[in-house]
Amino acid sequence: MLRALSRSPAPVVRLLSPRTAVWVETVRGRKSRTDPKAKSKLGRIKTPPPVDPVEMVVLKERYTEYNLILRALRLEFKEQMLRKKYEEEVGSVAEERTKREEEEHRSLMALNDAENLRMHKIREQRMQKEAEAEELKKREADILRQQELENYIKEKERQILQLQEEAKDFITLDNLDQRIEEALDNPKNYNFAIDKEGRVVKRTAFQR
Amino acid sequence: MPMKGRFPIRRTLEYLQKGEVVFKKSVNIMTVNYNTHGDLSEGARKFVFFNIPQIQYKNPWVQIMMFKNMTPSPFLRFYLGKSFVLLFFNLFSILWYLLVLLLCLDDGEQVLVDVEGKDHKEIMNHVKTILGKSDKVLEAEALAKMELSNPANFGPKRYFLRECISEVEGQVPHPGFVPLPKEMTGKYRAKLAAASDE
């Protein structure tokens with residue numbers, strides 16, 4: 001305070017005033033620069049509030065101590081918070097967290113692998129069943145085809161035999177005359193009616 | 001305005017916000033291979049149709065790609081990694097790009113999930129278990145986010161709920177809108193004080 005006294009030419013009263021107070025002569029407020037002073041305020045002399053020097057000294061000491069303590073507390077808490085944040089992000093807590101997460105990840109991957117294996121087994125079984133079913137179907141189709149072929153051959157053979165039977169009654173050049181004679185000797189009567197059952201119902205007389 | 005698409009509920013915010021899967025930070029890319037026909041792919045198809053929008057809404061920075069009819073059985077594949085990697089698939093030079101990709105993704109892990117014959121709900125639950133953030137973690141994150149904005153603070157409407165206590169219901173209203181009763185004004189009180197002094 002003595003050094004301040006020797007250097008600055010300001011009045012002692014000002015130096016003794018509380019450090020945090022603001023020394024302003026005029027405050028702009030509502031009016032602009034060019035507005036005149038109010039008529040009621042023309043003779044006003046503004047005086048600062050009176051200061052008791054003894055009280056001021058005591059107060060100053062107390063305030064410095066108080067501010068010191070408060071500032072120290074504030075910075076202490078700030079440091080604690082910063083340290084906690086650092087620990088969480090970069091320090092030991094983070095390392096533990098990453099290790100834990102890695103372990104969890106590994107266990108989850110193992111779970112996933114087990115699930116995949118299970119699905120694989122189910123799929124294998126299904127594929128096997130499908131392959132067997134297809135095999136069965138193929139075999140059945142083969143058998144069916146074989147049977148069809150046999151049926152076809154049998155049918156053809158039957159037709160050939162029937163033809164052979166009919167061939168005995170064919171009219172050839174040899175027995176042509178004989179057959180003509182026979183036909184002329186035995187006239188056939190086609191004038192008959194049949195009922196729904198196919199039985200002959202009535203015959204009309206043969207007319208040439 | 002008519003609704004668009006077959007199940008327009010998929011486009012509502014309410015439906016999208018109900019998505020359960022929020023991926024861990026390590027998941028970068030998700031790929032779904034499925035078939036358009038076939039009974040076994042049914043679950044995968046439903047998953048793609050109903051659940052993919054929800055997943056993408058909750059994870060805007062995860063790239064999700066769908067491939068149809070490339071393999072006989074459907075599956076999901078996740079590409080993990082710490083770096084921010086994106087796939088670029090070109091229809092004409094798939095193999096070349098795949099090669100480039102594989103070279104870049106050597107450090108990342110790939111997770112394969114078989115989904116043949118599964119139901120879309122089952123697939124969703126499975127994915128949530130293996131690669132999604134757990135409920136506890138999500139709650140913790142939500143709590144941390146809430147701590148940033150204290151509803152008791154006053155300030156600009158953009159960041160806080162109220163600017164002045166006069167906005168709160170039941171408090172003294174702003175004198176600019178509703179004049180104060182005479183007994184509360186400063187000049188009346190000063191007058192009373194001056195009168196009582198005399």
# chains A, B, ... in the order shown; residues from 1 in each chain; ligands from 1
>>> interface_residues(of="chain A", to="chain B", cutoff="12 Å", atoms="only C-alpha atoms", output="number ranges by chain")
A: 101-102, 104-123, 126-127
>>> select_by_dssp(residues="range 2-196 of chain B", states="alpha helix (DSSP H)", output="PyMOL selection string")
chain B and resi 13-17+42-46+52-58+94-104+120-131+135-148+186-196
>>> closest_residue(among="B:Gly38, B:Val32, B:Gly81, B:Ser134", to="Met66 in chain B", atoms="only C-alpha atoms")
B:Val32
>>> atom_distance(atom1="CA of Lys58 in chain B", atom2="CA of Asn125 in chain B")
15.4 Å
>>> atom_distance(atom1="CA of Lys4 in chain B", atom2="CA of Gly19 in chain B")
20.8 Å
>>> select_by_dssp(residues="range 20-196 of chain B", states="strand (DSSP E or B)", output="PyMOL selection string")
chain B and resi 23+27-34+63-68+75-80+110-114+132+154+162
>>> residues_around(residues="Phe50 in chain B", least_positions_apart="6", cutoff="12 Å", atoms="only C-alpha atoms", output="PyMOL selection string")
chain B and resi 6-11+15-16+18-19+43-44+56+119-121+123-124
